[in-house]
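As stored in start_2.txt (compact mmCIF, C-alpha atoms):
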```txt
# COMPACT_ATOMS: atom_id res chain seq x y z
CA MET A 15 -4.38 1.33 -36.41
CA ALA A 16 -8.13 0.76 -36.19
CA SER A 17 -10.49 3.67 -36.75
CA GLN A 18 -12.43 5.28 -33.93
CA GLN A 19 -15.67 3.59 -35.00
CA GLU A 20 -14.04 0.16 -35.28
CA SER A 21 -12.51 0.54 -31.82
CA SER A 22 -15.88 1.63 -30.38
CA ASP A 23 -17.66 -1.34 -31.93
CA ARG A 24 -15.02 -3.72 -30.63
CA VAL A 25 -15.27 -2.31 -27.09
CA LEU A 26 -19.09 -2.47 -27.07
CA LYS A 27 -19.00 -6.05 -28.34
CA ALA A 28 -16.49 -7.03 -25.64
CA VAL A 29 -18.55 -5.32 -22.92
CA ALA A 30 -21.69 -7.14 -24.07
CA ALA A 31 -19.87 -10.49 -24.07
CA PHE A 32 -18.47 -9.85 -20.59
CA VAL A 33 -21.83 -8.88 -19.08
CA SER A 34 -23.43 -11.91 -20.75
CA SER A 35 -20.87 -14.25 -19.15
CA LEU A 36 -21.35 -12.44 -15.83
CA TYR A 37 -25.10 -13.15 -15.75
CA SER A 38 -24.97 -16.59 -17.37
CA GLY A 39 -24.15 -18.28 -14.04
CA ARG A 40 -21.91 -20.80 -15.76
CA SER A 41 -18.70 -19.44 -14.24
CA VAL A 42 -17.75 -17.90 -10.92
CA CYS A 43 -15.11 -15.74 -12.64
CA PRO A 44 -16.43 -14.22 -15.88
CA ASP A 45 -14.10 -14.11 -18.88
CA MET A 46 -12.45 -10.69 -19.30
CA SER A 47 -10.00 -11.67 -22.05
CA SER A 48 -11.92 -10.05 -24.92
CA LEU A 49 -12.52 -6.90 -22.87
CA ILE A 50 -8.84 -6.63 -21.93
CA GLN A 51 -7.82 -7.14 -25.55
CA ALA A 52 -10.29 -4.51 -26.78
CA THR A 53 -9.21 -1.87 -24.24
CA SER A 54 -5.46 -2.51 -24.52
CA SER A 55 -5.25 -0.84 -27.93
CA LEU A 56 -7.26 2.27 -27.05
CA ARG A 57 -5.71 5.72 -27.07
CA LEU A 58 -6.05 6.96 -23.51
CA SER A 59 -5.86 10.62 -24.55
CA SER A 60 -9.66 10.59 -25.03
CA PHE A 61 -10.37 8.61 -21.87
CA ASP A 62 -13.56 10.50 -20.99
CA ASP A 63 -15.20 9.27 -24.19
CA TRP A 64 -14.10 5.69 -23.68
CA GLU A 65 -15.34 5.60 -20.09
CA GLN A 66 -18.71 6.97 -21.17
CA LEU A 67 -18.87 4.39 -23.97
CA VAL A 68 -18.13 1.51 -21.58
CA ARG A 69 -20.73 2.81 -19.10
CA SER A 70 -23.42 3.02 -21.78
CA GLY A 71 -22.43 -0.45 -23.03
CA ILE A 72 -22.85 -1.86 -19.52
CA ASP A 73 -26.32 -0.30 -19.20
CA TRP A 74 -27.45 -1.70 -22.54
CA ALA A 75 -26.09 -5.19 -21.81
CA GLU A 76 -27.49 -5.32 -18.26
CA ASN A 77 -30.95 -4.27 -19.43
CA LYS A 78 -30.81 -7.03 -22.02
CA HIS A 79 -29.96 -9.64 -19.36
CA LYS A 80 -32.21 -8.18 -16.67
CA PRO A 81 -33.92 -11.04 -14.77
CA PRO A 82 -37.73 -11.18 -14.47
CA LYS A 83 -39.38 -9.36 -11.58
CA TRP A 84 -40.67 -12.61 -10.02
CA ARG A 85 -38.60 -15.75 -9.52
CA PHE A 86 -38.48 -18.66 -7.08
CA TRP A 87 -35.04 -17.75 -5.73
CA ALA A 88 -32.73 -14.78 -6.00
CA ALA A 89 -29.51 -15.19 -7.94
CA PRO A 90 -26.34 -14.33 -6.00
CA THR A 91 -24.97 -10.84 -6.49
CA PRO A 92 -22.08 -10.91 -8.99
CA PHE A 93 -18.65 -10.42 -7.45
CA PRO A 94 -17.21 -6.93 -8.17
CA THR A 95 -15.03 -6.77 -11.27
CA TRP A 96 -12.84 -4.10 -12.85
CA ILE A 97 -15.61 -2.98 -15.15
CA ASP A 98 -17.74 -2.02 -12.12
CA LEU A 99 -15.49 1.03 -11.72
CA CYS A 100 -17.65 2.52 -14.49
CA SER A 101 -20.88 1.86 -12.59
CA TRP A 102 -23.39 4.65 -11.98
CA ASP A 103 -23.74 3.33 -8.42
CA GLY A 104 -21.27 4.97 -6.00
CA TYR A 105 -21.67 2.11 -3.50
CA LYS A 106 -20.65 -0.35 -6.21
CA ARG A 107 -17.64 1.75 -7.24
CA GLU A 108 -16.45 1.93 -3.62
CA ARG A 109 -17.06 -1.79 -3.02
CA THR A 110 -15.19 -2.62 -6.22
CA LEU A 111 -12.13 -0.56 -5.27
CA ARG A 112 -11.95 -2.21 -1.85
CA ALA A 113 -12.44 -5.69 -3.32
CA LEU A 114 -9.86 -5.47 -6.10
CA ALA A 115 -6.49 -7.05 -5.42
CA GLY A 116 -3.42 -7.73 -7.51
CA ALA A 117 -2.34 -6.23 -10.81
CA ALA A 118 -4.60 -4.28 -13.12
CA PRO A 119 -5.31 -6.00 -16.46
CA ASN A 120 -3.94 -3.07 -18.49
CA ALA A 121 -3.39 0.71 -18.48
CA PHE A 122 -7.06 1.37 -19.30
CA PHE A 123 -8.32 -0.17 -16.06
CA LEU A 124 -5.48 1.44 -14.10
CA ALA A 125 -6.54 4.84 -15.44
CA LEU A 126 -10.14 3.96 -14.59
CA ALA A 127 -9.08 3.37 -10.97
CA ALA A 128 -6.97 6.55 -10.91
CA ARG A 129 -9.91 8.63 -12.15
CA ARG A 130 -11.81 7.63 -9.03
CA LEU A 131 -9.55 10.12 -7.21
CA ASN A 132 -11.83 12.71 -8.81
CA ASP A 133 -15.04 10.81 -8.10
CA TRP A 134 -18.09 12.84 -7.01
CA VAL A 135 -18.56 10.52 -4.00
CA PRO A 136 -16.11 11.26 -1.13
CA GLU A 137 -16.09 7.62 0.03
CA VAL A 138 -15.05 6.48 -3.45
CA ARG A 139 -12.18 8.98 -3.48
CA ALA A 140 -11.07 7.70 -0.06
CA ALA A 141 -11.18 4.10 -1.30
CA ALA A 142 -9.11 5.06 -4.36
CA ARG A 143 -6.48 6.73 -2.15
CA GLU A 144 -6.20 3.58 -0.04
CA THR A 145 -6.11 0.93 -2.77
CA LEU A 146 -4.46 2.58 -5.79
CA PRO A 147 -0.86 2.34 -4.44
CA SER A 148 -1.11 -1.43 -3.89
CA ILE A 149 -2.74 -1.96 -7.29
CA ALA A 150 -0.01 0.07 -9.02
CA ALA A 151 2.74 -1.76 -7.10
CA ALA A 152 1.44 -5.11 -8.37
CA SER A 153 0.94 -3.93 -11.96
CA ASP A 154 3.36 -3.81 -14.89
CA PRO A 155 5.49 -0.62 -14.57
CA ALA A 156 5.00 0.11 -18.28
CA GLU A 157 1.22 0.03 -17.79
CA VAL A 158 1.55 2.30 -14.74
CA ALA A 159 3.62 4.75 -16.81
CA SER A 160 0.96 4.72 -19.55
CA MET A 161 -1.70 5.43 -16.92
CA LEU A 162 0.30 8.39 -15.58
CA CYS A 163 0.75 9.75 -19.11
CA ALA A 164 -3.03 9.63 -19.55
CA VAL A 165 -3.89 11.20 -16.18
CA LEU A 166 -1.23 13.83 -15.42
CA PRO A 167 -1.97 16.24 -18.32
CA HIS A 168 -5.59 16.58 -17.15
CA TRP A 169 -5.52 16.36 -13.36
CA ASN A 170 -5.49 20.16 -12.94
CA SER A 171 -8.99 20.20 -14.43
CA TRP A 172 -10.25 17.66 -11.87
CA GLY A 173 -12.13 19.96 -9.52
CA ARG A 174 -12.70 17.38 -6.77
CA MET A 175 -9.09 16.20 -6.62
CA GLU A 176 -7.21 17.46 -3.55
CA ALA A 177 -3.51 17.81 -2.76
CA HIS A 178 -3.29 14.47 -0.94
CA ASP A 179 -4.93 12.77 -3.94
CA LYS A 180 -2.20 14.16 -6.21
CA GLN A 181 0.39 12.98 -3.72
CA VAL A 182 -0.84 9.41 -4.22
CA LEU A 183 0.00 9.56 -7.93
CA LEU A 184 3.31 11.33 -7.30
CA GLU A 185 4.36 8.57 -4.89
CA ILE A 186 3.42 5.97 -7.50
CA SER A 187 5.52 7.81 -10.11
CA SER A 188 8.52 7.87 -7.73
CA THR A 189 9.04 4.11 -7.49
CA GLU A 190 12.21 2.94 -9.23
CA ALA A 191 10.58 0.66 -11.81
CA VAL A 192 7.96 3.26 -12.76
CA VAL A 193 10.64 5.98 -13.06
CA CYS A 194 12.51 3.87 -15.62
CA ALA A 195 9.34 3.10 -17.61
CA LEU A 196 8.14 6.71 -17.44
CA THR A 197 11.52 8.05 -18.57
CA GLU A 198 11.47 5.67 -21.53
CA GLN A 199 7.97 6.80 -22.54
CA ILE A 200 8.83 10.49 -22.21
CA ILE A 201 11.94 9.98 -24.36
CA SER A 202 10.42 7.74 -27.05
CA THR A 203 6.87 9.07 -27.51
CA PRO A 204 6.76 11.08 -30.78
CA ALA A 205 3.58 13.06 -30.06
CA GLY A 206 1.39 14.15 -27.18
CA PRO A 207 1.73 16.33 -24.07
CA MET A 208 4.98 14.74 -22.87
CA ALA A 209 6.52 18.11 -21.92
CA GLU A 210 3.54 18.77 -19.63
CA ILE A 211 3.87 15.26 -18.18
CA LEU A 212 7.57 15.91 -17.48
CA ALA A 213 6.63 19.15 -15.72
CA GLN A 214 3.92 17.54 -13.58
CA VAL A 215 6.14 14.62 -12.56
CA GLY A 216 8.74 17.29 -11.72
CA ARG A 217 6.71 18.16 -8.61
CA SER A 218 8.80 15.40 -7.02
CA PRO A 219 12.53 14.70 -7.58
CA ALA A 220 11.77 11.35 -9.25
CA LEU A 221 13.12 12.32 -12.70
CA ASP A 222 15.85 14.77 -11.62
CA ALA A 223 18.59 12.22 -12.32
CA SER A 224 17.14 11.48 -15.78
CA LEU A 225 16.85 15.07 -17.02
CA GLN A 226 20.17 15.02 -18.87
CA ASP A 227 19.21 11.83 -20.72
CA ILE A 228 15.80 13.30 -21.55
CA ALA A 229 17.39 16.53 -22.82
CA SER A 230 19.73 14.69 -25.17
CA GLN A 231 17.56 11.76 -26.30
CA ALA A 232 13.87 12.79 -26.26
CA VAL A 233 12.13 12.61 -29.62
CA GLN A 234 9.97 15.70 -29.07
CA PRO A 235 11.79 19.07 -29.24
CA ALA A 236 9.42 20.52 -26.62
CA VAL A 237 10.47 17.82 -24.16
CA ARG A 238 14.18 18.44 -24.80
CA ALA A 239 13.62 22.19 -24.38
CA LYS A 240 11.74 21.64 -21.10
CA ALA A 241 14.55 19.49 -19.72
CA TYR A 242 17.28 21.95 -20.77
CA ARG A 243 15.38 24.92 -19.35
CA ALA A 244 14.82 23.15 -16.03
CA MET A 245 18.51 22.29 -15.66
CA LEU A 246 19.71 25.75 -16.73
CA ASP A 247 17.26 27.48 -14.41
CA GLY A 248 17.96 25.03 -11.59
CA LYS A 249 14.26 24.48 -11.03
CA MET A 250 11.27 22.66 -12.48
CA VAL A 251 8.20 24.76 -13.22
CA TRP A 252 4.71 23.30 -13.71
CA LEU A 253 1.16 24.50 -14.20
CA GLU A 254 -0.60 24.47 -10.84
CA GLY A 255 -4.00 25.52 -12.17
CA ARG A 256 -5.93 28.55 -13.36
CA VAL A 257 -7.75 31.24 -11.38
CA TRP A 258 -10.32 33.73 -12.63
CA GLU A 259 -8.93 37.23 -13.11
CA CYS A 260 -11.57 39.92 -13.58
CA THR A 261 -10.69 42.73 -16.02
CA ASP A 262 -13.99 44.63 -16.10
CA ARG A 263 -16.50 44.16 -13.28
CA SER A 264 -19.20 46.19 -15.04
CA ARG A 265 -19.18 43.81 -18.03
CA PHE A 266 -18.28 40.65 -16.10
CA THR A 267 -15.33 40.01 -18.38
CA GLY A 268 -11.98 38.50 -17.54
CA TYR A 269 -9.69 35.57 -18.18
CA ARG A 270 -8.34 32.51 -16.43
CA ARG A 271 -4.81 33.33 -15.28
CA ALA A 272 -2.30 30.50 -15.14
CA VAL A 273 -0.77 29.76 -11.72
CA HIS A 274 2.61 28.03 -11.74
CA GLY A 275 4.49 26.13 -9.07
CA HIS A 276 8.21 25.41 -8.94
CA ARG A 277 10.76 23.27 -7.12
CA SER A 278 14.56 23.50 -7.00
CA LEU A 279 16.31 20.56 -8.65
CA SER A 280 18.26 18.17 -6.45
CA GLY A 281 21.32 18.00 -8.74
CA THR A 282 23.23 20.52 -10.84
CA VAL A 283 24.97 20.27 -14.22
CA PRO A 284 27.54 22.87 -15.40
CA SER A 285 25.75 25.57 -17.41
CA ALA A 286 28.52 25.78 -20.02
CA GLU A 287 28.14 22.08 -20.85
CA LEU A 288 24.36 22.37 -21.14
CA LEU A 289 24.49 25.51 -23.29
CA LYS A 290 26.94 23.93 -25.73
CA ALA A 291 24.71 20.87 -26.07
CA ALA A 292 21.53 22.94 -26.47
CA ILE A 293 22.98 25.30 -29.11
CA ALA A 294 23.89 22.25 -31.21
CA ASP A 295 20.35 20.84 -31.07
CA PRO A 296 18.66 20.55 -34.50
CA SER A 297 15.43 22.14 -33.24
CA ASN A 298 15.03 25.91 -33.00
CA VAL A 299 12.72 25.32 -29.99
CA VAL A 300 15.69 24.03 -28.01
CA ARG A 301 18.16 26.61 -29.35
CA ARG A 302 15.75 29.36 -28.27
CA VAL A 303 16.34 28.28 -24.66
CA VAL A 304 20.00 29.27 -25.08
CA GLY A 305 19.01 32.74 -26.27
CA ASP A 306 16.68 33.22 -23.33
CA VAL A 307 19.35 32.18 -20.83
CA LEU A 308 22.01 34.42 -22.40
CA ILE A 309 19.72 37.45 -22.42
CA ARG A 310 18.97 36.91 -18.76
CA GLU A 311 22.57 36.36 -17.61
CA THR A 312 25.77 36.75 -19.64
CA GLU A 313 28.38 37.84 -17.08
CA PRO A 314 28.93 34.45 -15.37
CA LEU A 315 29.64 32.84 -18.78
CA ASP A 316 32.53 35.16 -19.77
CA GLY A 317 33.91 34.29 -23.22
CA LEU A 318 31.39 31.51 -23.84
CA ALA A 319 28.56 34.05 -24.02
CA LEU A 320 30.18 35.79 -27.01
CA GLU A 321 30.79 32.48 -28.78
CA LEU A 322 27.17 31.40 -28.32
CA ALA A 323 25.87 34.84 -29.33
CA ILE A 324 27.80 34.64 -32.62
CA ARG A 325 26.27 31.22 -33.34
CA LEU A 326 22.80 32.52 -32.54
CA ALA A 327 23.27 35.58 -34.77
CA ALA A 328 24.15 33.26 -37.66
CA ASP A 329 21.12 31.02 -37.04
CA LYS A 330 18.79 30.63 -40.01
CA HIS A 331 15.72 31.03 -37.81
CA PRO A 332 14.72 34.75 -37.68
CA SER A 333 13.77 34.90 -34.00
CA LEU A 334 17.03 33.26 -32.96
CA SER A 335 19.22 35.43 -35.19
CA ALA A 336 17.47 38.50 -33.73
CA ARG A 337 18.33 37.29 -30.24
CA GLY A 338 21.92 36.74 -31.32
CA GLN A 339 22.20 40.23 -32.82
CA PHE A 340 20.80 41.74 -29.63
CA LEU A 341 23.32 39.82 -27.52
CA LEU A 342 26.23 40.82 -29.77
CA GLU A 343 25.31 44.48 -29.47
CA ASN A 344 25.22 44.23 -25.68
CA LEU A 345 28.41 42.20 -25.42
CA THR A 346 30.53 44.28 -27.82
CA LYS A 347 29.48 47.79 -26.84
CA PRO A 348 32.01 49.57 -24.61
CA LYS A 349 31.21 49.54 -20.92
CA PRO A 350 30.91 52.95 -19.24
CA ASP A 351 33.70 53.90 -16.88
CA ALA A 352 32.90 53.41 -13.24
```

Would you mind writing the structure in this file as structure tokens?
Amino acid sequence: MASQQESSDRVLKAVAAFVSSLYSGRSVCPDMSSLIQATSSLRLSSFDDWEQLVRSGIDWAENKHKPPKWRFWAAPTPFPTWIDLCSWDGYKRERTLRALAGAAPNAFFLALAARRLNDWVPEVRAAARETLPSIAAASDPAEVASMLCAVLPHWNSWGRMEAHDKQVLLEISSTEAVVCALTEQIISTPAGPMAEILAQVGRSPALDASLQDIASQAVQPAVRAKAYRAMLDGKMVWLEGRVWECTDRSRFTGYRRAVHGHRSLSGTVPSAELLKAAIADPSNVVRRVVGDVLIRETEPLDGLALELAIRLAADKHPSLSARGQFLLENLTKPKPDA
């Protein structure tokens, strides 16, 4: 994989070549192939930096090709292109969103369009709400899933994004093709905030039917634990945002308290089956879910609770064995007479 500096140089070079072809006047449709190739390999986790880099590259290239102040005739205004979504000009960003049609070149430009839902210009946000669904519908589902994986972990920090803006992305994530691609990415991605992505997509029932597959096949233990916990609790819980909680008004001190939302799952799986599968998981993160469930409720499980408690007590991980010992003490102590 190329280093950060190599990727930056490649992107800047592609931006310069694209702007040069845009102002050359030799072609009605400037060549975006090098720009698409350069942005296809970028890690979208640091999208803020890449967008700022592209914007600065556009400024530098446009200043280099800036026409003289006097001329016999005015050159026609270039037709809006995907790269204009990075423009400093809000009118240009809005015009670009309304002019774009068809599939996005890759996940980078899809994420660029999705980020306009948090644009500081209200008209740009409105244009993004109107056009993003059609762009996503025409794009490759795998690219749409990559865009969602880049956007969803951060959208709670987007201060200008409203509930109906989030609903646009949730509706995009609920289409059948995108659900399949998103499930595959959540299962196969070895690193990154996939558990948080699963929780945020869980605002809608799109992945409810895939939770059992995710719990048994996901590469990341945190993702498997999130899926098991959701099915055992019968609800999906996600981070809604953070609110300021003051602890000392005289010193102006406090902390940002997490606010969570939840939704009941549309389907149910027998708890006994889930607990047996989770206790056999190789990760202690997943096995800890079993301990938490047993501590909360043991009576409905009857004899299975004792069997699982014995396995937890024998676990090599200290926190799990402590949970198991606690459960054994509670399950084996004589009950007081009524």

Would you list the contacts of Ile293 of chain A as JSON, numbers by chain, taking every protein, DNA or RNA residue within 12 Å and counting only C-alpha atoms, but skipping same-chain residues closer than 4 positions in sequence? {"A": [230, 238, 239, 242, 286, 287, 288, 289, 297, 298, 299, 300, 301, 302, 303, 304, 305, 306, 307, 308, 318, 319, 321, 322, 323, 324, 325, 326, 327, 328, 329, 334, 338]}

Determine, counting all atoms listed in the file, every residue of protein, DNA or RNA that lies within 8 Å of (3.1, 18.1, -5.6) in the file coordinates, then give the result as a PyMOL selection string. chain A and resi 177+180-181+184+217-218

Compile the contact shell of Ala223 of chain A as a compact mmCIF listing (two decimals) with C-alpha atoms, in the frame of the given file: residues with an atom at most 12 Å away, counting only C-alpha atoms, same-chain residues fewer than 5 positions apart removed.
```txt
# COMPACT_ATOMS: atom_id res chain seq x y z
CA SER A 188 8.52 7.87 -7.73
CA GLU A 190 12.21 2.94 -9.23
CA VAL A 193 10.64 5.98 -13.06
CA CYS A 194 12.51 3.87 -15.62
CA THR A 197 11.52 8.05 -18.57
CA GLY A 216 8.74 17.29 -11.72
CA SER A 218 8.80 15.40 -7.02
CA ILE A 228 15.80 13.30 -21.55
CA ALA A 229 17.39 16.53 -22.82
CA ALA A 241 14.55 19.49 -19.72
CA MET A 245 18.51 22.29 -15.66
CA LEU A 279 16.31 20.56 -8.65
CA SER A 280 18.26 18.17 -6.45
CA GLY A 281 21.32 18.00 -8.74
CA THR A 282 23.23 20.52 -10.84
CA VAL A 283 24.97 20.27 -14.22
```

What gap, in Å, lies between atom CA of Thr53 of chain A and atom CA of Trp134 of chain A?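 So the answer is 24.3 Å.
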
With all atoms listed in the file as the counted atoms, please give the residues lying no more than 8 Å from segment 201-204 of chain A, apart from itself and same-chain residues fewer than 2 positions off, as a VMD selection string. chain A and resid 197 to 199 206 208 228 231 to 234 237

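Comparing A:Leu246, A:Cys100, A:Ile309, A:Leu26 by their smallest distance to Leu341 of chain A, the closest is A:Ile309 (using all atoms listed in the file).
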
Given the point (-21.6, -9.0, -25.7) in the file's coordinates, find the residues that have an atom at most 12 Å from it, counting all atoms listed in the file, and give them as number ranges by chain. A: 23-38, 45-46, 48-49, 68, 71-76, 78-79

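Checking A:Gly268, A:Gly317, A:Pro219, A:Gly173 one by one against Lys249 of chain A, counting only C-alpha atoms, you find the shortest gap at A:Pro219.
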
Mind pulling up the distance from atom CA of Arg270 of chain A to atom CA of Arg139 of chain A?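 If I compute the distance from atom CA of Arg139 of chain A to atom CA of Arg270 of chain A, I get 27.1 Å.
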
Could you give me, as a PDB file with C-alpha atoms, in the coordinates of the input, the residues within 8 Å of Ala209 of chain A, counting only C-alpha atoms and dropping anything in the same chain fewer than 5 positions from it?
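In the end it all went to part-v9.pdb:
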```
ATOM      1  CA  ILE A 200       8.830  10.490 -22.210  1.00  0.00           C
ATOM      2  CA  ALA A 236       9.420  20.520 -26.620  1.00  0.00           C
ATOM      3  CA  VAL A 237      10.470  17.820 -24.160  1.00  0.00           C
ATOM      4  CA  LYS A 240      11.740  21.640 -21.100  1.00  0.00           C
TER       5      LYS A 240
END
```

Just checking: using only C-alpha atoms, which residue out of A:Glu108, A:Glu20, A:Asp222, A:Asp295 ends up closest to Ala52 of chain A? A:Glu20

What's the separation between atom CA of Ile50 of chain A and atom CA of Pro119 of chain A, in Å to one decimal place?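 For atom CA of Ile50 of chain A relative to atom CA of Pro119 of chain A, the distance reads 6.5 Å.
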